[in-house]
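Here the structure comes first, spelled out in structure tokens, and everything after it is commentary.
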There are 4 protein chains.
Amino acid sequence: MTYKPAFGDIAHIGHVELLTPKFDESLAFFKDVMGLHESGRQGDSVHLRAWADYERFTLQLTRSHTSGLGHLAFRARSEEVLQKLVRNLTENGISGEWRPAELGHGRAFRFASPDGHALELYYETEKFKGAGEHTAGFKNLPQRYIPHGIAPRMLDHVNLLAQDIAAIRVFFHDLLGLRVTEQIVYEEGEMGCWFSATNKSYDMAFTKDKSKAHGRFHHLTYRMDSREDVLRAADILTERNHFIETGPHKHTIGQSFFLYFYEPGGNRVEIGAGGYLILDPDWKPIVWSREERAKGQAWGLQTVSTFHTYGTPPAEE
Amino acid sequence: MTYKPAFGDIAHIGHVELLTPKFDESLAFFKDVMGLHESGRQGDSVHLRAWADYERFTLQLTRSHTSGLGHLAFRARSEEVLQKLVRNLTENGISGEWRPAELGHGRAFRFASPDGHALELYYETEKFKGAGEHTAGFKNLPQRYIPHGIAPRMLDHVNLLAQDIAAIRVFFHDLLGLRVTEQIVYEEGEMGCWFSATNKSYDMAFTKDKSKAHGRFHHLTYRMDSREDVLRAADILTERNHFIETGPHKHTIGQSFFLYFYEPGGNRVEIGAGGYLILDPDWKPIVWSREERAKGQAWGLQTVSTFHTYGTPPAEE
Amino acid sequence: MTYKPAFGDIAHIGHVELLTPKFDESLAFFKDVMGLHESGRQGDSVHLRAWADYERFTLQLTRSHTSGLGHLAFRARSEEVLQKLVRNLTENGISGEWRPAELGHGRAFRFASPDGHALELYYETEKFKGAGEHTAGFKNLPQRYIPHGIAPRMLDHVNLLAQDIAAIRVFFHDLLGLRVTEQIVYEEGEMGCWFSATNKSYDMAFTKDKSKAHGRFHHLTYRMDSREDVLRAADILTERNHFIETGPHKHTIGQSFFLYFYEPGGNRVEIGAGGYLILDPDWKPIVWSREERAKGQAWGLQTVSTFHTYGTPPAEE
Amino acid sequence: MTYKPAFGDIAHIGHVELLTPKFDESLAFFKDVMGLHESGRQGDSVHLRAWADYERFTLQLTRSHTSGLGHLAFRARSEEVLQKLVRNLTENGISGEWRPAELGHGRAFRFASPDGHALELYYETEKFKGAGEHTAGFKNLPQRYIPHGIAPRMLDHVNLLAQDIAAIRVFFHDLLGLRVTEQIVYEEGEMGCWFSATNKSYDMAFTKDKSKAHGRFHHLTYRMDSREDVLRAADILTERNHFIETGPHKHTIGQSFFLYFYEPGGNRVEIGAGGYLILDPDWKPIVWSREERAKGQAWGLQTVSTFHTYGTPPAEE
């Protein structure tokens with residue numbers, strides 16, 4: 001019998017590898033302004049984590065000639081499910097290759113999204129246990145909260161760009177079991193799709209790339225404990241002259257409270273809070289029309305134009 | 001092959017039936033002070049919901065000669081899983097009976113916890129769609145937020161008392177697939193167990209009943225969007241002379257921000273916010289010792305003695 | 001010796017009379033959506049108050065053929081100071097007249113701002129003491145907090161438009177003793193002036209009217225206890241389809257967190273939180289240039305164009 | 001004519017000199033955990049400030065053989081008022097001496113409270129303007145907000161102990177013009193008095209010393225921007241194993257949200273937020289009876305016994 005991937009097979013988004021042409025500035029930004037913690041170095045990469053991330057890292061920052069996504073990794077529910085998912089991908093004509101264990105996690109199956117983004121599936125992982133100054137004050141947390149910089153709680157989600165959103169939706173839903181939570185569908189086709197592997201309103205989003213480029217990155221998001229913390233982050237960024245693209249404001253889609261800015265390498269980063277939880281196992285995707293999207297964000301803020309056009313690496317004209 | 005229940009088979013806690021010997025006062029409290037919405041009446045019960053609960057109701061308030069739990073219902077992931085779970089219960093010697101559909105949900109299998117609490121499993125449900133004044137302003141929410149009283153977002157969890165916590169743990173984990181997230185274990189045995197059906201740090205807790213009674217209720221909890229909202233609720237209760245038992249403060253276990261009070265029928269109610277999300281599919285239960293619990297709650301507040309002794313219905317001396 | 005008005009002579013802004021051509025809708029809005037409390041009626045007016053306002057009312061809503069300011073009243077520090085201030089106004093050629101006591105306060109001296117706004121000075125006042133459902137839960141507060149609608153804490157400030165900001169500044173500082181806290185000064189002249197009678201960063205602002213009209217009203221502001229409450233208010237307004245002009249965001253000037261909307265009669269209303277306190281008795285006004293203002297609000301939001309042009313009553317073309 | 005001090009003559013509390021027998025640990029605590037900034041050193045003292053304090057310092061930490069208050073300084077409204085206040089003190093038999101300018105402020109008149117606390121009055125001061133990393137992002141603030149440690153906004157108030165509260169009340173109200181905002185009065189006499197020099201609900205409090213000691217210190221308080229920030233501070237302290245005496249909770253008196261802890265030298269420190277503003281120039285003190293105080297803090301928390309007995313330096317048995 002054919003294996004049919006189900007919601008829960010992918011446990012969650014594991015980590016994002018982000019490329020930066022300004023490695024030193026980007027690293028300083030993520031450590032000193034964002035308040036992430038360095039938890040490893042390997043090759044051209046530095047590995048970083050937020051204080052409540054349970055794995056060794058959630059952000060792999062890699063020195064490169066350009067910006068954009070290195071790869072996006074998902075943790076499977078178990079070793080058995082990992083193998084089922086990979087077999088199923090292969091049976092459906094998705095080629096890929098197993099890569100050996102590296103810093104922080106076991107072997108991973110590397111393959112590509114329909115738009116060319118490098119993806120990885122893995123199961124074995126190294127769980128983080130803070131030591132020294134980072135020793136957890138509470139044993140149900142991986143490390144101590146360090147009040148330095150923005151200091152987000154954990155990786156929340158990733159947003160990528162793609163040419164064919166319908167193909168993306170079928171790929172992640174049918175072959176990987178992700179739940180489709182919300183969609184933007186215009187007369188001319190699908191413009192965006194929000195996916196979830198957990199009870200959060202979304203863990204990954206794809207939106208239509210208005211350029212002709214492939215495999216582009218829109219943003220990654222770290223989660224704050226409160227909207228008040230997002231507002232505090234806006235002050236921190238402003239006072240250090242870091243460009244805020246838009247926000248703080250509330251998304252209509254996903255209902256999360258957002259703040260968007262660019263790290264020195266050019267990649268868009270979001271800090272968020274809130275959003276809704278989906279408990280319903282039969283959740284039907286919410287579909288938004290052009291007319292509904294024209295109303296702007298939740299409280300009426302019009303989406304800034306760069307949000308629709310800017311991705312990394314920058315598309316060639 | 002024997003069916004082995006897995007995390008995810010129970011999608012979430014569906015609703016709580018609460019008994020009250022002061023029906024009119026309890027109903028007024030839940031509507032006017034708590035800010036829940038009436039969404040149905042049947043027999044001796046009024047059905048209530050928080051504004052973001054997706055089902056028709058999460059609280060069934062029932063006129064009775066006593067206080068305490070009527071029953072606690074869980075929604076299964078699918079009709080197929082419901083049948084597997086029921087067959088598995090039966091094969092493991094847990095008797096029960098199918099009850100016909102009633103207001104808000106389809107047929108349900110009624111059985112008992114090892115301590116005698118009435119439990120139900122169901123799958124078919126009526127999803128709520130607000131109308132009139134309650135029409136949702138956002139199509140990804142079931143109804144509009146009505147700023148009246150405490151106005152919690154959704155049902156969060158239930159805490160019951162039992163004589164044999166180890167038996168409870170085995171029952172809910174092995175037969176129903178719930179994840180054990182945290183435990184209190186003393187030299188003399190297990191004192192508490194926290195369970196999750198979702199990514200939340202817990203959806204249900206059982207703690208040791210220090211009386212000799214069975215089937216008792218400790219509290220139910222509705223979730224606020226922020227800790228600031230919990231503080232606001234403390235003012236609302238205080239200004240109306242409703243007894244606050246303890247809080248606002250932060251739990252060490254579960255890391256949630258709490259406020260406990262009694263509704264007029266004598267049942268303990270909690271308002272909470274925060275807590276952590278569990279993404280790790282291999283989560284190992286956190287085990288707390290007597291010495292660790294002696295430190296009190298997260299910021300050092302000693303747990304009030306009634307919290308260890310008061311349940312509903314009151315135990316006979 | 002000539003009397004020289006000093007900071008503190010005017011204790012605070014007392015109340016605002018607001019005209020509305022849609023009296024019933026405006027009244028319903030202020031009571032049901034804003035959550036203000038009716039505390040009196042007289043003639044064509046209904047008197048309203050926020051739950052922590054210590055006087056009988058802070059908003060007098062008056063049925064009219066148009067929108068805009070009826071009058072703005074200031075409470076003097078004492079009867080003696082009231083008389084000194086009035087004598088000083090008269091000696092400086094500012095005419096006016098004493099009006100008899102009316103609902104909520106004693107006799108008042110009515111005069112005009114350099115731009116023609118009706119102003120009043122009074123001292124005797126009726127302090128509010130909530131009764132019945134409004135009885136204060138704490139004796140250091142005038143009434144109970146009623147969780148209904150937006151439910152602001154107290155009147156915060158008023159913003160008016162004028163043709164000659166320099167004249168306004170001299171008038172309120174030299175003749176009435178208000179502190180100038182911040183200013184906008186362009187090459188062509190003064191564009192805005194913020195005044196304070198208290199330790200708050202401002203209690204009144206005047207900005208340049210870009211139309212040729214006189215005596216116009218820009219907005220009045222009620223104060224929330226937290227920024228989280230302002231965000232909550234944005235949801236309440238959005239879900240009821242009330243137009244949000246701009247925000248939530250943070251002002252550079254005054255550092256307060258804002259949300260602007262229009263009441264049904266067309267007058268602009270603000271909900272705010274935060275801002276800074278001025279303890280320094282020698283505070284020097286902060287002066288902002290055109291270049292500095294071009295940066296937009298605190299986190300980079302460009303000020304919406306209507307904010308610069310829309311006032312009430314609407315100016316004739 | 002005799003000078004009659006008025007509300008406003010003292011502009012605000014300027015700074016607190018705190019003695020510590022564990023200077024290095026205390027300094028490390030105030031800098032690294034509290035997140036205050038060092039702004040000077042002189043003799044045995046290090047001077048510290050919160051990011052929004054407008055003067056050069058608000059806390060002078062002094063190496064000593066004991067804990068407790070060094071002195072408490074008030075800034076007068078003007079040089080002229082300073083001289084009037086000093087002359088009036090002298091005419092009323094309060095002796096003292098002028099001390100030359102020192103780091104951060106001009107000459108000061110040093111005298112004693114009726115209970116023997118060292119007090120100072122000054123007017124000339126050095127206003128702080130952050131440079132380098134501390135350069136303000138907004139010109140209406142003295143320096144940049146640095147997200148490090150608890151990072152309070154500004155000094156809020158001081159609480160001292162005294163044997164004769166009635167004498168203290170007369171002294172500060174009649175001779176220095178402070179407003180009495182709230183009082184605790186039992187059958188046997190006055191037990192506490194809250195004073196304000198500003199629109200805040202209090203800037204200084206005196207409570208009855210239950211020991212026979214004189215001149216003792218109860219606590220000093222720095223102000224956070226939000227209650228959410230106070231909750232965040234509780235985590236920071238807990239995770240570093242700093243003893244929290246009580247809170248977070250809300251005071252009935254003053255309505256402020258509090259968190260009390262001890263710095264390494266033994267002095268009690270508070271972090272607070274909220275409270276009410278007094279606009280009424282005729283404010284009548286709120287008087288609390290023993291019965292009312294027996295209700296505990298705002299939400300029912302009983303005041304911990306050490307709060308009634310512990311002061312610094314510790315009283316001899």
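Naming scheme: A, B, ... for chains in displayed order of the structure tokens; residues 1 onward per chain; ligands 1 onward as shown.
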Chain B in the frame of chain D after full C-alpha superposition, as a compact mmCIF listing (two decimals) with C-alpha atoms, in the first residue's frame:
```
# COMPACT_ATOMS: atom_id res chain seq x y z
CA MET B 1 5.49 87.56 55.74
CA THR B 2 6.38 84.01 56.53
CA TYR B 3 7.09 81.80 53.57
CA LYS B 4 4.61 78.96 53.18
CA PRO B 5 6.08 76.08 51.17
CA ALA B 6 3.76 74.88 48.41
CA PHE B 7 3.33 71.77 46.33
CA GLY B 8 5.82 72.13 43.51
CA ASP B 9 8.57 73.81 45.51
CA ILE B 10 10.37 70.50 45.57
CA ALA B 11 10.39 69.40 41.97
CA HIS B 12 11.22 65.76 42.57
CA ILE B 13 13.43 63.28 44.36
CA GLY B 14 16.88 63.62 42.88
CA HIS B 15 19.00 60.74 44.07
CA VAL B 16 19.58 58.22 46.78
CA GLU B 17 22.90 57.38 48.36
CA LEU B 18 22.88 53.76 49.35
CA LEU B 19 25.48 52.21 51.67
CA THR B 20 26.67 48.67 51.16
CA PRO B 21 29.07 46.46 53.09
CA LYS B 22 29.50 44.32 49.94
CA PHE B 23 30.46 47.04 47.55
CA ASP B 24 31.73 44.94 44.66
CA GLU B 25 28.80 42.54 44.69
CA SER B 26 26.31 45.40 45.01
CA LEU B 27 27.90 47.29 42.15
CA ALA B 28 27.91 44.22 39.94
CA PHE B 29 24.26 43.62 40.79
CA PHE B 30 23.14 47.14 39.94
CA LYS B 31 25.08 47.15 36.68
CA ASP B 32 24.67 43.61 35.37
CA VAL B 33 21.36 42.47 36.81
CA MET B 34 19.51 45.76 37.25
CA GLY B 35 21.03 47.16 34.09
CA LEU B 36 21.85 50.60 35.49
CA HIS B 37 24.66 52.59 33.90
CA GLU B 38 27.77 53.87 35.64
CA SER B 39 28.08 57.61 35.15
CA GLY B 40 30.78 58.64 37.60
CA ARG B 41 33.02 57.74 40.53
CA GLN B 42 34.07 59.91 43.44
CA GLY B 43 35.65 58.87 46.71
CA ASP B 44 34.05 55.68 47.97
CA SER B 45 31.09 56.02 45.64
CA VAL B 46 30.07 54.92 42.18
CA HIS B 47 27.26 56.89 40.56
CA LEU B 48 24.59 55.10 38.56
CA ARG B 49 21.61 56.01 36.44
CA ALA B 50 18.68 54.46 34.63
CA TRP B 51 18.46 55.14 30.92
CA ALA B 52 15.75 57.82 31.14
CA ASP B 53 16.95 59.63 34.26
CA TYR B 54 17.63 63.19 33.13
CA GLU B 55 20.29 64.00 35.73
CA ARG B 56 23.75 62.57 35.81
CA PHE B 57 22.87 60.00 38.44
CA THR B 58 20.02 58.82 40.64
CA LEU B 59 21.86 56.20 42.68
CA GLN B 60 25.10 56.82 44.54
CA LEU B 61 26.41 53.50 45.78
CA THR B 62 28.88 53.95 48.64
CA ARG B 63 31.30 51.47 50.20
CA SER B 64 30.57 51.24 53.91
CA HIS B 65 30.75 48.98 56.93
CA THR B 66 26.97 48.72 56.90
CA SER B 67 23.90 48.91 54.67
CA GLY B 68 21.18 51.56 54.64
CA LEU B 69 20.67 55.11 53.51
CA GLY B 70 23.58 57.48 52.99
CA HIS B 71 21.38 60.40 52.15
CA LEU B 72 18.32 61.31 50.10
CA ALA B 73 18.41 64.41 47.90
CA PHE B 74 15.57 66.54 46.56
CA ARG B 75 15.82 68.98 43.69
CA ALA B 76 14.14 72.35 44.31
CA ARG B 77 12.08 74.06 41.63
CA SER B 78 14.57 76.94 41.27
CA GLU B 79 17.51 78.57 43.01
CA GLU B 80 15.14 81.13 44.49
CA VAL B 81 12.84 78.47 45.89
CA LEU B 82 15.85 76.55 47.24
CA GLN B 83 16.88 79.58 49.27
CA LYS B 84 13.32 80.17 50.50
CA LEU B 85 13.00 76.58 51.62
CA VAL B 86 16.32 76.62 53.45
CA ARG B 87 15.52 79.93 55.15
CA ASN B 88 12.17 78.52 56.18
CA LEU B 89 13.75 75.37 57.59
CA THR B 90 16.17 77.48 59.59
CA GLU B 91 13.42 79.73 60.88
CA ASN B 92 11.60 76.63 62.02
CA GLY B 93 14.56 75.42 64.00
CA ILE B 94 15.85 72.83 61.54
CA SER B 95 19.60 73.13 61.52
CA GLY B 96 21.76 72.09 58.63
CA GLU B 97 24.75 73.09 56.58
CA TRP B 98 25.57 74.00 53.02
CA ARG B 99 27.89 71.54 51.35
CA PRO B 100 29.90 72.44 48.27
CA ALA B 101 29.07 71.21 44.79
CA GLU B 102 30.06 67.65 44.09
CA LEU B 103 29.84 65.23 41.19
CA GLY B 104 26.62 65.85 39.29
CA HIS B 105 25.07 68.72 41.22
CA GLY B 106 25.70 72.12 42.80
CA ARG B 107 25.86 73.07 46.46
CA ALA B 108 23.34 71.31 48.66
CA PHE B 109 21.81 72.01 52.05
CA ARG B 110 22.22 68.96 54.28
CA PHE B 111 19.80 68.50 57.17
CA ALA B 112 18.05 65.67 58.98
CA SER B 113 14.54 64.22 58.98
CA PRO B 114 12.78 64.01 62.36
CA ASP B 115 13.91 60.39 62.45
CA GLY B 116 17.51 61.23 61.63
CA HIS B 117 17.75 60.43 57.90
CA ALA B 118 20.29 62.60 56.11
CA LEU B 119 18.50 64.77 53.55
CA GLU B 120 19.74 67.25 50.99
CA LEU B 121 18.18 70.05 48.99
CA TYR B 122 19.86 71.29 45.83
CA TYR B 123 18.95 73.06 42.64
CA GLU B 124 21.91 73.21 40.26
CA THR B 125 22.38 69.95 38.47
CA GLU B 126 24.22 68.36 35.61
CA LYS B 127 21.90 67.10 32.93
CA PHE B 128 22.96 63.91 31.25
CA LYS B 129 23.46 63.59 27.53
CA GLY B 130 24.47 60.11 26.41
CA ALA B 131 27.48 59.75 24.13
CA GLY B 132 28.94 56.90 22.13
CA GLU B 133 26.91 53.73 22.53
CA HIS B 134 24.63 55.70 24.84
CA THR B 135 23.77 58.45 22.36
CA ALA B 136 20.03 58.96 22.40
CA GLY B 137 18.11 57.70 19.40
CA PHE B 138 15.46 60.31 20.18
CA LYS B 139 16.35 63.86 21.15
CA ASN B 140 13.63 64.02 23.78
CA LEU B 141 15.40 61.30 25.77
CA PRO B 142 18.72 61.65 27.59
CA GLN B 143 20.25 58.47 26.24
CA ARG B 144 19.56 55.34 24.30
CA TYR B 145 17.67 52.44 25.82
CA ILE B 146 20.24 49.65 26.29
CA PRO B 147 18.55 46.24 26.43
CA HIS B 148 20.73 44.68 29.12
CA GLY B 149 19.45 43.19 32.38
CA ILE B 150 16.30 44.59 33.97
CA ALA B 151 16.94 48.05 32.49
CA PRO B 152 14.42 50.22 34.37
CA ARG B 153 13.36 53.58 32.94
CA MET B 154 13.94 55.91 35.91
CA LEU B 155 14.12 56.32 39.64
CA ASP B 156 10.57 56.27 40.97
CA HIS B 157 10.43 56.61 44.75
CA VAL B 158 12.04 55.92 48.10
CA ASN B 159 10.53 54.33 51.23
CA LEU B 160 12.06 55.08 54.62
CA LEU B 161 11.23 53.92 58.14
CA ALA B 162 10.61 56.22 61.10
CA GLN B 163 9.40 56.07 64.68
CA ASP B 164 6.97 59.00 64.52
CA ILE B 165 5.04 59.09 61.28
CA ALA B 166 2.93 62.08 62.33
CA ALA B 167 6.06 64.12 62.88
CA ILE B 168 7.36 63.04 59.48
CA ARG B 169 4.10 64.05 57.82
CA VAL B 170 4.14 67.51 59.36
CA PHE B 171 7.81 67.97 58.49
CA PHE B 172 7.57 67.09 54.81
CA HIS B 173 4.19 68.67 54.22
CA ASP B 174 4.48 71.87 56.22
CA LEU B 175 8.16 72.62 55.82
CA LEU B 176 8.84 71.23 52.36
CA GLY B 177 5.47 71.46 50.62
CA LEU B 178 5.11 67.80 49.63
CA ARG B 179 1.57 66.58 49.01
CA VAL B 180 0.27 63.84 51.28
CA THR B 181 -1.46 61.36 48.99
CA GLU B 182 -2.29 58.36 51.18
CA GLN B 183 -1.98 57.42 54.86
CA ILE B 184 -2.32 54.42 57.13
CA VAL B 185 -3.85 55.45 60.42
CA TYR B 186 -4.61 52.95 63.17
CA GLU B 187 -6.30 53.65 66.50
CA GLU B 188 -2.89 53.92 68.13
CA GLY B 189 -1.56 56.41 65.62
CA GLU B 190 -0.18 56.95 62.13
CA MET B 191 1.54 53.95 60.59
CA GLY B 192 2.46 55.20 57.14
CA CYS B 193 2.41 58.25 54.91
CA TRP B 194 2.84 58.59 51.16
CA PHE B 195 4.14 61.87 49.72
CA SER B 196 4.25 63.31 46.25
CA ALA B 197 6.20 66.13 44.65
CA THR B 198 4.80 65.39 41.20
CA ASN B 199 1.61 64.08 39.58
CA LYS B 200 2.63 60.54 40.41
CA SER B 201 0.67 58.85 43.18
CA TYR B 202 3.81 59.00 45.31
CA ASP B 203 7.50 59.85 45.21
CA MET B 204 8.36 59.01 48.80
CA ALA B 205 6.82 56.94 51.58
CA PHE B 206 7.51 56.62 55.28
CA THR B 207 6.30 53.65 57.25
CA LYS B 208 6.52 52.95 60.96
CA ASP B 209 9.71 51.29 62.14
CA LYS B 210 8.68 48.39 64.37
CA SER B 211 12.17 48.21 65.82
CA LYS B 212 13.57 50.96 68.01
CA ALA B 213 16.11 52.04 65.43
CA HIS B 214 16.21 55.43 63.75
CA GLY B 215 17.06 56.60 60.27
CA ARG B 216 16.45 53.31 58.60
CA PHE B 217 15.89 52.58 54.95
CA HIS B 218 13.07 50.39 53.63
CA HIS B 219 13.53 50.39 49.85
CA LEU B 220 14.10 52.38 46.68
CA THR B 221 12.18 51.81 43.51
CA TYR B 222 13.02 52.05 39.85
CA ARG B 223 10.21 52.33 37.36
CA MET B 224 9.62 50.01 34.41
CA ASP B 225 7.59 50.97 31.35
CA SER B 226 5.07 48.16 31.72
CA ARG B 227 3.90 45.44 34.04
CA GLU B 228 5.10 42.98 31.44
CA ASP B 229 8.61 44.36 32.06
CA VAL B 230 8.20 43.75 35.79
CA LEU B 231 7.27 40.12 35.07
CA ARG B 232 10.31 39.83 32.83
CA ALA B 233 12.44 41.16 35.69
CA ALA B 234 11.07 38.45 37.99
CA ASP B 235 12.41 35.84 35.59
CA ILE B 236 15.79 37.54 35.39
CA LEU B 237 16.13 37.61 39.19
CA THR B 238 14.86 34.07 39.67
CA GLU B 239 17.16 32.58 37.08
CA ARG B 240 20.15 34.23 38.77
CA ASN B 241 19.05 33.04 42.22
CA HIS B 242 18.42 36.51 43.62
CA PHE B 243 15.96 36.41 46.49
CA ILE B 244 12.52 37.79 45.67
CA GLU B 245 10.82 38.92 48.87
CA THR B 246 7.33 39.38 47.45
CA GLY B 247 5.53 40.03 44.22
CA PRO B 248 4.89 40.58 41.44
CA HIS B 249 1.58 41.88 42.74
CA LYS B 250 -0.34 45.13 42.89
CA HIS B 251 -0.32 47.56 45.80
CA THR B 252 -3.66 48.74 47.11
CA ILE B 253 -1.95 51.95 48.20
CA GLY B 254 -0.69 53.78 45.16
CA GLN B 255 -2.09 51.11 42.80
CA SER B 256 1.39 50.32 41.51
CA PHE B 257 2.58 46.91 40.37
CA PHE B 258 5.52 45.76 42.47
CA LEU B 259 8.38 43.31 42.80
CA TYR B 260 10.67 43.40 45.85
CA PHE B 261 14.11 41.86 46.18
CA TYR B 262 17.36 42.43 48.08
CA GLU B 263 20.59 43.61 46.52
CA PRO B 264 23.75 41.81 47.75
CA GLY B 265 24.47 44.48 50.38
CA GLY B 266 21.14 43.70 52.02
CA ASN B 267 19.14 46.72 50.93
CA ARG B 268 15.63 46.13 49.62
CA VAL B 269 15.02 47.20 46.03
CA GLU B 270 11.72 47.44 44.18
CA ILE B 271 10.83 47.43 40.51
CA GLY B 272 7.45 48.96 39.79
CA ALA B 273 5.07 50.00 37.06
CA GLY B 274 1.76 51.75 36.83
CA GLY B 275 0.16 53.59 39.71
CA TYR B 276 -2.21 56.48 39.20
CA LEU B 277 -1.67 60.13 38.33
CA ILE B 278 -3.07 62.87 40.55
CA LEU B 279 -4.27 65.86 38.55
CA ASP B 280 -6.53 67.27 41.26
CA PRO B 281 -4.81 70.24 42.97
CA ASP B 282 -7.13 69.71 45.98
CA TRP B 283 -6.36 66.06 46.50
CA LYS B 284 -7.47 64.87 49.92
CA PRO B 285 -5.29 62.14 51.43
CA ILE B 286 -6.78 58.65 51.30
CA VAL B 287 -6.73 57.16 54.79
CA TRP B 288 -6.56 53.39 55.32
CA SER B 289 -7.59 51.69 58.55
CA ARG B 290 -6.23 48.55 60.17
CA GLU B 291 -9.26 46.63 58.97
CA GLU B 292 -8.73 47.76 55.39
CA ARG B 293 -5.03 46.94 55.51
CA ALA B 294 -5.83 43.49 56.84
CA LYS B 295 -7.19 42.63 53.40
CA GLY B 296 -3.64 42.51 52.12
CA GLN B 297 -2.48 43.79 48.77
CA ALA B 298 -4.80 44.64 45.89
CA TRP B 299 -5.54 41.08 44.80
CA GLY B 300 -5.53 39.64 48.30
CA LEU B 301 -1.88 38.67 48.75
CA GLN B 302 -0.98 38.95 52.42
CA THR B 303 2.02 41.17 52.98
CA VAL B 304 5.03 39.04 53.94
CA SER B 305 6.12 39.56 57.53
CA THR B 306 9.64 40.67 56.64
CA PHE B 307 8.12 43.59 54.81
CA HIS B 308 6.97 44.90 58.19
CA THR B 309 10.21 44.22 60.02
CA TYR B 310 13.20 44.23 57.70
CA GLY B 311 15.01 47.51 57.12
CA THR B 312 18.62 48.52 56.63
CA PRO B 313 20.87 48.77 58.45
CA PRO B 314 19.48 45.85 60.46
CA ALA B 315 18.25 47.03 63.87
CA GLU B 316 20.17 45.79 66.89
CA GLU B 317 18.22 43.41 69.05
```
Those in stretch 31-237 of chain C with strand (DSSP E) from DSSP, as a PyMOL selection string: chain C and resi 37-42+45-49+59-63+68-76+96-99+108-112+118-122+154-162+179-186+189-196+204-208+217-223
Could you pull out the residues in stretch 120-305 of chain B that DSSP calls alpha helix (DSSP H) from the backbone, as a PyMOL selection string? chain B and resi 165-170+227-239+290-293+305
